[in-house]
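Engineer: Contents are CSV, C-alpha atoms; file name structure-v2.csv:
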chain,number,residue,atom,x,y,z
A,1,MET,CA,29.9,-31.0,-15.7
A,2,GLY,CA,26.4,-29.6,-15.0
A,3,VAL,CA,23.7,-29.0,-17.5
A,4,SER,CA,24.1,-25.2,-17.0
A,5,GLU,CA,27.6,-25.5,-18.5
A,6,LEU,CA,26.4,-26.8,-21.8
A,7,PRO,CA,24.5,-24.0,-23.5
A,8,GLY,CA,22.9,-25.0,-26.8
A,9,GLN,CA,23.1,-28.7,-26.0
A,10,ARG,CA,20.1,-30.9,-25.0
A,11,PRO,CA,21.0,-33.6,-22.4
A,12,ALA,CA,19.0,-36.8,-22.0
A,13,ALA,CA,15.6,-36.4,-20.5
A,14,GLY,CA,14.9,-36.8,-16.8
A,15,PRO,CA,11.8,-38.4,-15.3
A,16,ALA,CA,8.7,-37.9,-17.4
A,17,GLY,CA,6.6,-35.0,-16.3
A,18,THR,CA,9.2,-33.4,-14.1
A,19,VAL,CA,9.0,-29.6,-13.7
A,20,LEU,CA,11.8,-27.3,-12.7
A,21,ALA,CA,10.1,-24.6,-10.7
A,22,ILE,CA,11.9,-21.3,-10.1
A,23,ASP,CA,10.7,-18.4,-7.9
A,24,ALA,CA,13.4,-15.7,-8.2
A,25,GLY,CA,12.7,-12.5,-6.3
A,26,ASN,CA,14.9,-9.4,-5.7
A,27,SER,CA,16.3,-10.7,-2.4
A,28,LYS,CA,16.2,-14.5,-2.7
A,29,THR,CA,15.7,-17.4,-5.2
A,30,ASP,CA,14.0,-20.7,-4.5
A,31,VAL,CA,14.3,-23.6,-7.0
A,32,ALA,CA,12.6,-27.0,-6.9
A,33,PHE,CA,12.5,-30.1,-9.1
A,34,VAL,CA,9.0,-31.4,-8.9
A,35,GLY,CA,7.8,-34.8,-10.1
A,36,ALA,CA,4.7,-35.5,-12.1
A,37,ASP,CA,2.9,-36.5,-9.0
A,38,GLY,CA,3.7,-33.2,-7.2
A,39,THR,CA,6.6,-34.7,-5.1
A,40,VAL,CA,9.4,-32.3,-4.5
A,41,LEU,CA,12.5,-34.2,-5.6
A,42,GLY,CA,15.1,-31.6,-4.7
A,43,SER,CA,15.3,-27.9,-3.8
A,44,GLY,CA,17.8,-25.1,-3.4
A,45,ARG,CA,18.0,-21.5,-2.3
A,46,GLY,CA,20.1,-18.7,-3.7
A,47,SER,CA,20.5,-14.9,-3.8
A,48,GLY,CA,18.2,-12.4,-5.5
A,49,PHE,CA,17.6,-12.2,-9.2
A,50,GLN,CA,18.5,-8.7,-10.5
A,51,PRO,CA,19.3,-8.5,-14.3
A,52,PRO,CA,18.9,-4.7,-14.4
A,53,LYS,CA,21.9,-4.4,-12.0
A,54,VAL,CA,24.2,-7.2,-13.1
A,55,GLY,CA,23.0,-8.0,-16.6
A,56,VAL,CA,21.0,-11.0,-17.9
A,57,ARG,CA,23.9,-13.3,-18.4
A,58,ALA,CA,25.3,-12.8,-14.9
A,59,ALA,CA,21.9,-13.1,-13.3
A,60,ILE,CA,21.3,-16.4,-15.1
A,61,ASP,CA,24.7,-17.7,-14.1
A,62,ALA,CA,23.9,-17.1,-10.5
A,63,LEU,CA,20.5,-18.7,-11.0
A,64,ALA,CA,22.3,-21.7,-12.6
A,65,ALA,CA,24.3,-22.3,-9.4
A,66,THR,CA,21.0,-22.6,-7.4
A,67,VAL,CA,19.5,-24.9,-10.0
A,68,GLU,CA,22.6,-27.2,-9.8
A,69,GLU,CA,22.3,-27.2,-6.0
A,70,ALA,CA,18.7,-28.3,-6.3
A,71,ARG,CA,19.6,-30.9,-9.0
A,72,ALA,CA,22.3,-32.4,-6.7
A,73,THR,CA,19.6,-33.3,-4.2
A,74,SER,CA,17.0,-34.4,-6.7
A,75,GLY,CA,18.4,-37.3,-8.6
A,76,VAL,CA,17.4,-35.6,-11.8
A,77,THR,CA,20.3,-35.8,-14.3
A,78,GLY,CA,18.7,-34.8,-17.6
A,79,GLN,CA,16.2,-32.4,-19.1
A,80,VAL,CA,12.9,-31.9,-17.3
A,81,GLU,CA,9.6,-31.7,-19.1
A,82,HIS,CA,9.1,-28.0,-18.4
A,83,VAL,CA,10.8,-25.0,-16.8
A,84,SER,CA,8.4,-22.7,-15.0
A,85,ALA,CA,10.2,-19.6,-14.0
A,86,CYS,CA,8.6,-16.8,-12.1
A,87,LEU,CA,11.2,-14.0,-12.0
A,88,ALA,CA,11.5,-10.6,-10.5
A,89,ASN,CA,12.3,-7.9,-13.1
A,90,ALA,CA,10.3,-9.7,-15.8
A,91,ASP,CA,7.9,-6.8,-15.9
A,92,LEU,CA,7.4,-6.3,-19.6
A,93,PRO,CA,6.6,-8.9,-22.3
A,94,VAL,CA,9.9,-8.0,-24.0
A,95,GLU,CA,11.8,-8.9,-20.8
A,96,GLU,CA,9.9,-12.1,-20.5
A,97,ARG,CA,10.8,-13.1,-24.0
A,98,GLU,CA,14.5,-12.2,-23.4
A,99,LEU,CA,14.6,-14.2,-20.2
A,100,THR,CA,12.8,-17.1,-21.7
A,101,ALA,CA,15.4,-17.3,-24.5
A,102,ALA,CA,18.2,-17.1,-22.0
A,103,LEU,CA,16.8,-19.9,-19.8
A,104,ASP,CA,15.9,-22.0,-22.8
A,105,GLY,CA,19.5,-21.7,-23.9
A,106,ARG,CA,20.7,-23.5,-20.8
A,107,GLY,CA,19.0,-26.7,-21.9
A,108,TRP,CA,17.3,-27.3,-18.6
A,109,GLY,CA,13.9,-28.3,-20.0
A,110,ARG,CA,12.1,-29.3,-23.2
A,111,SER,CA,10.0,-26.1,-22.8
A,112,THR,CA,10.4,-22.9,-20.8
A,113,GLN,CA,8.0,-20.2,-19.7
A,114,VAL,CA,8.9,-17.1,-17.9
A,115,ARG,CA,6.4,-15.0,-15.9
A,116,ASN,CA,6.7,-12.2,-13.4
A,117,ASP,CA,7.3,-13.5,-9.9
A,118,THR,CA,4.0,-12.0,-8.7
A,119,PHE,CA,2.2,-14.8,-10.6
A,120,ALA,CA,3.9,-17.4,-8.4
A,121,ILE,CA,2.5,-15.7,-5.3
A,122,LEU,CA,-1.0,-15.7,-6.8
A,123,ARG,CA,-0.9,-19.3,-7.9
A,124,ALA,CA,0.5,-20.5,-4.6
A,125,GLY,CA,-2.5,-19.1,-2.8
A,126,VAL,CA,-5.4,-20.3,-4.9
A,127,ASP,CA,-6.9,-23.8,-5.7
A,128,GLU,CA,-7.3,-22.7,-9.4
A,129,PRO,CA,-5.7,-20.0,-11.4
A,130,ARG,CA,-8.4,-17.4,-10.7
A,131,GLY,CA,-7.9,-14.3,-8.6
A,132,VAL,CA,-5.8,-11.3,-8.0
A,133,ALA,CA,-2.5,-10.9,-6.0
A,134,VAL,CA,-0.9,-7.7,-4.8
A,135,VAL,CA,2.7,-7.9,-3.8
A,136,CYS,CA,4.2,-5.2,-1.6
A,137,GLY,CA,7.9,-5.9,-0.9
A,138,ALA,CA,10.6,-3.5,-1.9
A,139,GLY,CA,8.2,-2.2,-4.6
A,140,ILE,CA,4.6,-2.9,-5.4
A,141,ASN,CA,3.0,-5.0,-8.1
A,142,CYS,CA,-0.3,-6.7,-8.9
A,143,VAL,CA,-1.5,-9.4,-11.3
A,144,GLY,CA,-4.7,-11.2,-11.9
A,145,MET,CA,-5.5,-14.4,-13.9
A,146,LEU,CA,-8.3,-16.6,-15.0
A,147,PRO,CA,-8.4,-20.3,-15.8
A,148,ASP,CA,-8.8,-19.5,-19.5
A,149,GLY,CA,-5.4,-17.9,-19.6
A,150,ARG,CA,-6.4,-14.2,-19.5
A,151,THR,CA,-4.4,-12.0,-17.2
A,152,ALA,CA,-4.3,-8.5,-15.9
A,153,ARG,CA,-1.1,-6.8,-14.9
A,154,PHE,CA,0.9,-3.6,-14.6
A,155,PRO,CA,4.4,-2.6,-15.8
A,156,ALA,CA,5.4,-2.0,-12.1
A,157,LEU,CA,8.5,0.0,-12.9
A,158,GLY,CA,8.2,2.5,-10.1
A,159,LYS,CA,7.0,6.1,-10.4
A,160,ILE,CA,7.4,6.2,-14.2
A,161,SER,CA,4.7,3.6,-14.5
A,162,GLY,CA,2.4,5.2,-11.9
A,163,ASP,CA,3.4,3.1,-8.9
A,164,TRP,CA,3.5,4.4,-5.3
A,165,GLY,CA,4.8,2.7,-2.2
A,166,GLY,CA,6.4,-0.6,-1.3
A,167,GLY,CA,9.0,-0.8,1.4
A,168,SER,CA,11.5,1.3,-0.5
A,169,GLY,CA,8.9,3.9,-1.5
A,170,LEU,CA,7.5,4.1,2.0
A,171,ALA,CA,11.0,4.7,3.4
A,172,GLU,CA,11.7,7.5,1.0
A,173,GLU,CA,8.3,9.1,1.8
A,174,ALA,CA,9.0,8.9,5.5
A,175,LEU,CA,12.4,10.5,5.1
A,176,TRP,CA,10.9,13.3,3.0
A,177,TRP,CA,8.4,14.2,5.7
A,178,ALA,CA,10.9,13.8,8.5
A,179,ALA,CA,13.4,16.1,6.8
A,180,ARG,CA,10.8,18.8,6.2
A,181,ALA,CA,9.5,18.6,9.7
A,182,GLU,CA,12.9,19.1,11.2
A,183,ASP,CA,14.0,22.0,9.0
A,184,GLY,CA,10.6,23.8,9.2
A,185,ARG,CA,9.4,23.3,5.6
A,186,GLY,CA,6.7,20.8,6.6
A,187,GLU,CA,4.3,19.9,9.4
A,188,PRO,CA,5.6,18.3,12.6
A,189,THR,CA,5.9,14.6,12.8
A,190,ALA,CA,7.3,12.1,15.2
A,191,LEU,CA,9.2,10.5,12.2
A,192,ALA,CA,11.8,13.3,12.7
A,193,ALA,CA,12.8,11.5,15.9
A,194,THR,CA,12.0,7.8,15.2
A,195,LEU,CA,13.8,7.5,11.9
A,196,PRO,CA,17.2,8.7,13.0
A,197,ALA,CA,16.8,6.9,16.4
A,198,HIS,CA,16.6,3.6,14.5
A,199,PHE,CA,20.2,4.1,13.5
A,200,GLY,CA,21.3,5.5,16.8
A,201,LEU,CA,21.4,9.1,15.5
A,202,ASP,CA,20.0,12.2,17.1
A,203,SER,CA,18.6,14.1,14.1
A,204,VAL,CA,17.3,13.7,10.6
A,205,TYR,CA,20.2,15.9,9.4
A,206,ALA,CA,22.6,13.4,10.8
A,207,LEU,CA,20.7,10.6,9.1
A,208,ILE,CA,20.7,12.4,5.8
A,209,GLU,CA,24.5,13.0,6.1
A,210,ALA,CA,25.1,9.3,7.0
A,211,LEU,CA,23.1,8.1,4.0
A,212,HIS,CA,24.7,10.5,1.6
A,213,LEU,CA,28.2,9.7,2.7
A,214,GLY,CA,27.6,6.0,2.9
A,215,ARG,CA,28.1,5.7,6.7
A,216,VAL,CA,24.7,4.1,6.6
A,217,ALA,CA,24.4,1.9,3.5
A,218,ALA,CA,21.6,2.9,1.2
A,219,VAL,CA,20.3,-0.6,1.1
A,220,ARG,CA,19.4,-0.2,4.8
A,221,LYS,CA,16.8,2.4,4.0
A,222,HIS,CA,14.2,-0.4,3.8
A,223,GLU,CA,14.6,-0.8,7.5
A,224,LEU,CA,12.7,2.4,7.9
A,225,ALA,CA,9.4,1.0,6.7
A,226,PRO,CA,8.7,-0.9,9.9
A,227,VAL,CA,9.6,2.3,11.9
A,228,LEU,CA,7.0,4.2,9.9
A,229,PHE,CA,4.4,1.6,10.8
A,230,ALA,CA,5.3,1.7,14.5
A,231,THR,CA,5.2,5.5,14.4
A,232,SER,CA,1.8,5.4,12.8
A,233,ALA,CA,0.5,2.9,15.4
A,234,ALA,CA,1.7,5.3,18.1
A,235,GLY,CA,-0.7,7.9,16.7
A,236,ASP,CA,1.4,10.2,14.5
A,237,PRO,CA,-0.9,11.7,11.9
A,238,VAL,CA,1.7,12.1,9.1
A,239,ALA,CA,2.8,8.5,9.5
A,240,ARG,CA,-0.8,7.3,9.5
A,241,ALA,CA,-1.5,9.2,6.3
A,242,LEU,CA,1.3,7.4,4.6
A,243,VAL,CA,0.0,4.0,5.8
A,244,HIS,CA,-3.5,4.9,4.6
A,245,ARG,CA,-2.1,6.0,1.2
A,246,GLN,CA,-0.4,2.6,0.9
A,247,ALA,CA,-3.7,0.9,1.6
A,248,GLU,CA,-5.4,3.0,-1.1
A,249,GLU,CA,-2.7,2.1,-3.6
A,250,VAL,CA,-3.1,-1.7,-2.9
A,251,VAL,CA,-6.8,-1.5,-3.3
A,252,ALA,CA,-6.6,0.6,-6.5
A,253,MET,CA,-4.4,-2.0,-8.2
A,254,ALA,CA,-6.5,-4.9,-7.0
A,255,ALA,CA,-9.8,-3.2,-8.0
A,256,VAL,CA,-8.5,-2.4,-11.5
A,257,ALA,CA,-7.2,-5.9,-12.0
A,258,LEU,CA,-10.5,-7.4,-10.9
A,259,ASP,CA,-12.4,-5.0,-13.2
A,260,ARG,CA,-10.3,-5.9,-16.2
A,261,LEU,CA,-11.1,-9.6,-15.7
A,262,GLY,CA,-14.8,-9.0,-15.0
A,263,LEU,CA,-14.5,-10.1,-11.4
A,264,LEU,CA,-15.5,-7.0,-9.4
A,265,ASP,CA,-18.9,-8.5,-8.6
A,266,GLU,CA,-17.8,-12.1,-8.0
A,267,GLU,CA,-16.6,-13.9,-5.0
A,268,VAL,CA,-12.9,-14.1,-5.8
A,269,PRO,CA,-9.6,-14.2,-3.8
A,270,VAL,CA,-7.5,-11.1,-3.5
A,271,LEU,CA,-4.1,-12.3,-2.1
A,272,LEU,CA,-1.6,-10.1,-0.3
A,273,GLY,CA,2.1,-10.9,-0.4
A,274,GLY,CA,5.5,-9.4,0.0
A,275,SER,CA,7.2,-8.3,3.2
A,276,VAL,CA,5.1,-5.2,3.8
A,277,LEU,CA,1.8,-7.0,3.5
A,278,ALA,CA,2.8,-10.3,5.0
A,279,ALA,CA,3.8,-8.5,8.2
A,280,ARG,CA,0.0,-7.9,8.6
A,281,HIS,CA,0.3,-4.4,10.2
A,282,PRO,CA,-3.1,-4.0,11.8
A,283,GLU,CA,-3.7,-0.5,10.5
A,284,LEU,CA,-2.7,-1.3,7.0
A,285,ASP,CA,-4.4,-4.6,6.9
A,286,GLY,CA,-7.6,-3.3,8.3
A,287,ARG,CA,-7.7,-0.3,5.9
A,288,ILE,CA,-7.1,-2.5,2.9
A,289,ARG,CA,-10.0,-4.7,3.8
A,290,GLU,CA,-12.3,-1.7,4.5
A,291,LEU,CA,-11.5,0.0,1.2
A,292,LEU,CA,-11.7,-3.2,-0.9
A,293,ALA,CA,-15.1,-4.1,0.7
A,294,ALA,CA,-16.4,-0.8,-0.7
A,295,ARG,CA,-15.1,-1.4,-4.3
A,296,ALA,CA,-15.4,-5.2,-4.5
A,297,PRO,CA,-17.8,-6.4,-1.8
A,298,LYS,CA,-17.5,-10.1,-2.6
A,299,ALA,CA,-13.7,-10.2,-2.7
A,300,VAL,CA,-12.1,-12.5,-0.1
A,301,VAL,CA,-8.8,-11.0,1.2
A,302,GLU,CA,-6.1,-13.4,2.3
A,303,VAL,CA,-2.4,-13.2,3.1
A,304,VAL,CA,-0.4,-15.8,1.2
A,305,THR,CA,1.5,-18.1,3.5
A,306,ALA,CA,2.5,-20.9,1.0
A,307,ALA,CA,5.9,-20.8,-0.6
A,308,PRO,CA,5.7,-19.0,-4.0
A,309,VAL,CA,7.9,-21.7,-5.6
A,310,LEU,CA,4.9,-23.9,-5.1
A,311,GLY,CA,2.9,-21.5,-7.3
A,312,ALA,CA,5.7,-21.7,-10.0
A,313,ALA,CA,5.4,-25.5,-9.9
A,314,LEU,CA,1.6,-25.4,-10.3
A,315,LEU,CA,1.9,-22.9,-13.2
A,316,GLY,CA,4.1,-25.5,-14.9
A,317,ASN,CA,1.6,-28.3,-14.9
Using structure tokens, write down the structure from this file.
Structural biologist:
Amino acid sequence: MGVSELPGQRPAAGPAGTVLAIDAGNSKTDVAFVGADGTVLGSGRGSGFQPPKVGVRAAIDALAATVEEARATSGVTGQVEHVSACLANADLPVEERELTAALDGRGWGRSTQVRNDTFAILRAGVDEPRGVAVVCGAGINCVGMLPDGRTARFPALGKISGDWGGGSGLAEEALWWAARAEDGRGEPTALAATLPAHFGLDSVYALIEALHLGRVAAVRKHELAPVLFATSAAGDPVARALVHRQAEEVVAMAAVALDRLGLLDEEVPVLLGGSVLAARHPELDGRIRELLAARAPKAVVEVVTAAPVLGAALLGN
């Protein structure tokens, strides 16, 4: 019987100083048991972590299966010293507290701390906990931190919290402009041809119908973000304006976070992560660097390549 099946009980301790590191995003989860010397003792990968869709208990149950997968390869049979969990959808302090209590109830570690998963990306890309990270995947988020524990962050709940963009947001914007171009309400754009063509359709109307009736699954809309970037690279002004708007949003979040932490005039890393930014689209990447150089001249822009679960482990030390 695994530890996750014994809520409320505290099993015997595992190796001293061991950390259970969790990086749970919307689309995938990585888990690692990490020894006191930094050695990865065992790891596992699971599906995305989405409490808003399935409920906290079901989300934690799915996470538990991945933890047990990692435990089976680690040789760790008891409690770890600390659980460091960086979780998608832990956007507000109240959500962090709820998820901390839920994880702590599993008895995996002597102590537990939950942070938003953006912190894992930030910590994975810096030598010390000092800098800012902007993540642009399905949505967009930004966090900053200092070695003394101070942080800067945003609710990152979509339009209701002032956010714009991310893969899903870009797809929606591209569809909006394409629909209006085709029916005459808006200006012409090549998106009216490139978006439906991606699904083998001959018109935006056909794509709208397919999405509305479920012939094209709604989850596939995110596939349109790369089409938008390709259309922009081909010279379409509407697509280019959307790409530039995304760059402006990334820089706005980064600059505000830097300012809150008193780092606008210091040499400090600004890390870019998530599928949209990690793709390093030349136009988006270049525009971000250009705009950020004007607002924070000493900032050093880098794309995170290290696994975020490493960041979760470092945050647990």
Engineer: With stretch 271-284 of chain A as the partner and 12 Å as the cut-off, tabulate the residues of stretch 14-62 of chain A that qualify, each row holding the nearest pair of atoms and their distance in Å to one decimal, using only C-alpha atoms, sorted by chain and rising number, as JSON lines.
Structural biologist:
{"residue": "A:Gly25", "atom": "CA", "partner": "A:Gly274", "partner_atom": "CA", "distance": 10.1}
{"residue": "A:Asn26", "atom": "CA", "partner": "A:Gly274", "partner_atom": "CA", "distance": 11.0}
{"residue": "A:Ser27", "atom": "CA", "partner": "A:Ser275", "partner_atom": "CA", "distance": 11.0}
Engineer: Of the candidates A:Ala88, A:Ala102, A:Leu264, A:Leu314, which one gets nearest to A:Ala58 if we count all atoms listed in the file?
Structural biologist: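 Nearest candidate to A:Ala58 out of A:Ala88, A:Ala102, A:Leu264, A:Leu314: A:Ala102.
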Engineer: Enter the distance from atom CA of A:Val132 to atom CA of A:Ala120, in Å, rounded to one decimal.
Structural biologist: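 Pair atom CA of A:Val132 / atom CA of A:Ala120 returns 11.5 Å.
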Engineer: Need to verify the contact set: A:Gly235, 10 Å, only C-alpha atoms, exclusion of same-chain residues closer than 5 positions in sequence. Can you return it as a list in words?
Structural biologist: Ala190, Ala230 and Arg240 of chain A
Engineer: With C-alpha atoms retained, could you export that selection as an mmCIF file, in the frame of the given file?
Structural biologist:
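Here's the written file out.cif:
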data_model
loop_
_atom_site.group_PDB
_atom_site.id
_atom_site.type_symbol
_atom_site.label_atom_id
_atom_site.label_comp_id
_atom_site.auth_asym_id
_atom_site.auth_seq_id
_atom_site.Cartn_x
_atom_site.Cartn_y
_atom_site.Cartn_z
ATOM 1 C CA ALA A 190 7.300 12.100 15.200
ATOM 2 C CA ALA A 230 5.300 1.700 14.500
ATOM 3 C CA ARG A 240 -0.800 7.300 9.500
#
Engineer: Near A:Pro308, within 12 Å and counting all atoms listed in the file, which residues show up once chain neighbours fewer than 2 positions away are dropped, as a ChimeraX atom specification?
Structural biologist: /A:21-25,28-32,84-87,116-126,133,135,273-274,304-306,310-315
Engineer: Can you measure atom CA of A:Glu187 to atom CA of A:Val250 for me? One decimal in Å is fine.
Structural biologist: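 Atom-to-atom, atom CA of A:Glu187 and atom CA of A:Val250 are spaced 25.9 Å apart.
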Engineer: Of the candidates A:Leu41, A:Leu146, A:Ile140, A:Leu175, which shows the shortest atom-to-atom distance to A:Pro269, using all atoms listed in the file?
Structural biologist: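 Of A:Leu41, A:Leu146, A:Ile140, A:Leu175, the one nearest A:Pro269 is A:Leu146, counting all atoms listed in the file.
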Engineer: Could you check how far atom CA of A:Asn141 sits from atom CA of A:Gly165, in Å to one decimal?
Structural biologist: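 Taking atom CA of A:Asn141 and atom CA of A:Gly165, their separation equals 9.9 Å.
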Engineer: Given only C-alpha atoms as the basis, pick out the residue of A:Arg220, A:Arg106, A:Arg97, A:Arg289 nearest to A:Ala64.
Structural biologist: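 The closest residue to A:Ala64 is A:Arg106.
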Engineer: Counting only C-alpha atoms, which residues of stretch 98-187 of chain A sit at most 8 Å from some atom of stretch 201-219 of chain A, and what is each one's closest atom pair with its distance in Å to one decimal, listed by chain and rising residue number, as CSV?
Structural biologist:
residue,atom,partner,partner_atom,distance
A:Ala178,CA,A:Val204,CA,6.7
A:Ala179,CA,A:Val204,CA,6.0
A:Glu182,CA,A:Val204,CA,7.0
Engineer: What does the file look like for those residues with C-alpha atoms, as a compact mmCIF listing (two decimals), in the frame of the given file?
Structural biologist:
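So the final result, stored in selection-v8.txt, reads:
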# COMPACT_ATOMS: atom_id res chain seq x y z
CA ALA A 178 10.90 13.80 8.50
CA ALA A 179 13.40 16.10 6.80
CA GLU A 182 12.90 19.10 11.20
Engineer: Under the rule that all atoms listed in the file are counted, which of A:Arg153, A:Leu103, A:Glu249, A:Glu98 is the nearest residue to A:Leu170?
Structural biologist: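 For A:Leu170, the nearest of the given residues is A:Glu249.
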Engineer: Can I get the residues of stretch 168-258 of chain A within 10 Å of stretch 295-298 of chain A, each with the closest pair of atoms and their distance in Å to one decimal, using all atoms listed in the file, sorted chain first then ascending number, as JSON lines?
Structural biologist:
{"residue": "A:Val251", "atom": "CA", "partner": "A:Arg295", "partner_atom": "CA", "distance": 8.4}
{"residue": "A:Ala252", "atom": "CA", "partner": "A:Arg295", "partner_atom": "CA", "distance": 9.0}
{"residue": "A:Ala254", "atom": "CA", "partner": "A:Ala296", "partner_atom": "CA", "distance": 9.2}
{"residue": "A:Ala255", "atom": "CA", "partner": "A:Arg295", "partner_atom": "CA", "distance": 6.7}
{"residue": "A:Val256", "atom": "CA", "partner": "A:Arg295", "partner_atom": "CA", "distance": 9.8}
{"residue": "A:Leu258", "atom": "CA", "partner": "A:Ala296", "partner_atom": "CA", "distance": 8.4}
Engineer: Nearest residue to A:Ser43 out of A:Asp183, A:Glu266, A:Glu172, A:Glu69, using all atoms listed in the file?
Structural biologist: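 Looking at the shortest contact to A:Ser43, the residue is A:Glu69.
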Engineer: List the spatial neighbours of A:Ala225 as a VMD selection string - criterion: any atom at most 7 Å away, all atoms listed in the file, same-chain residues fewer than 4 positions off excluded.
Structural biologist: chain A and resid 167 170 to 171 229
Engineer: Would you pick out the contacts of stretch 156-164 of chain A at 10 Å or less, using all atoms listed in the file, so that residues sharing its chain but fewer than 2 positions from it are not included, and give the list as a CSV table (one decimal) with C-alpha atoms, in the coordinates of the input?
Structural biologist:
chain,number,residue,atom,x,y,z
A,89,ASN,CA,12.3,-7.9,-13.1
A,90,ALA,CA,10.3,-9.7,-15.8
A,91,ASP,CA,7.9,-6.8,-15.9
A,92,LEU,CA,7.4,-6.3,-19.6
A,139,GLY,CA,8.2,-2.2,-4.6
A,140,ILE,CA,4.6,-2.9,-5.4
A,141,ASN,CA,3.0,-5.0,-8.1
A,142,CYS,CA,-0.3,-6.7,-8.9
A,153,ARG,CA,-1.1,-6.8,-14.9
A,154,PHE,CA,0.9,-3.6,-14.6
A,166,GLY,CA,6.4,-0.6,-1.3
A,168,SER,CA,11.5,1.3,-0.5
A,169,GLY,CA,8.9,3.9,-1.5
A,170,LEU,CA,7.5,4.1,2.0
A,173,GLU,CA,8.3,9.1,1.8
A,245,ARG,CA,-2.1,6.0,1.2
A,246,GLN,CA,-0.4,2.6,0.9
A,248,GLU,CA,-5.4,3.0,-1.1
A,249,GLU,CA,-2.7,2.1,-3.6
A,250,VAL,CA,-3.1,-1.7,-2.9
A,253,MET,CA,-4.4,-2.0,-8.2
Engineer: Let me make sure I understand: among A:Ile288, A:Val67, A:Gly48, A:Gly38, which one has the smallest atom-to-atom distance to A:Val303 if we use all atoms listed in the file?
Structural biologist: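 So, comparing all the options, the nearest one is A:Ile288.
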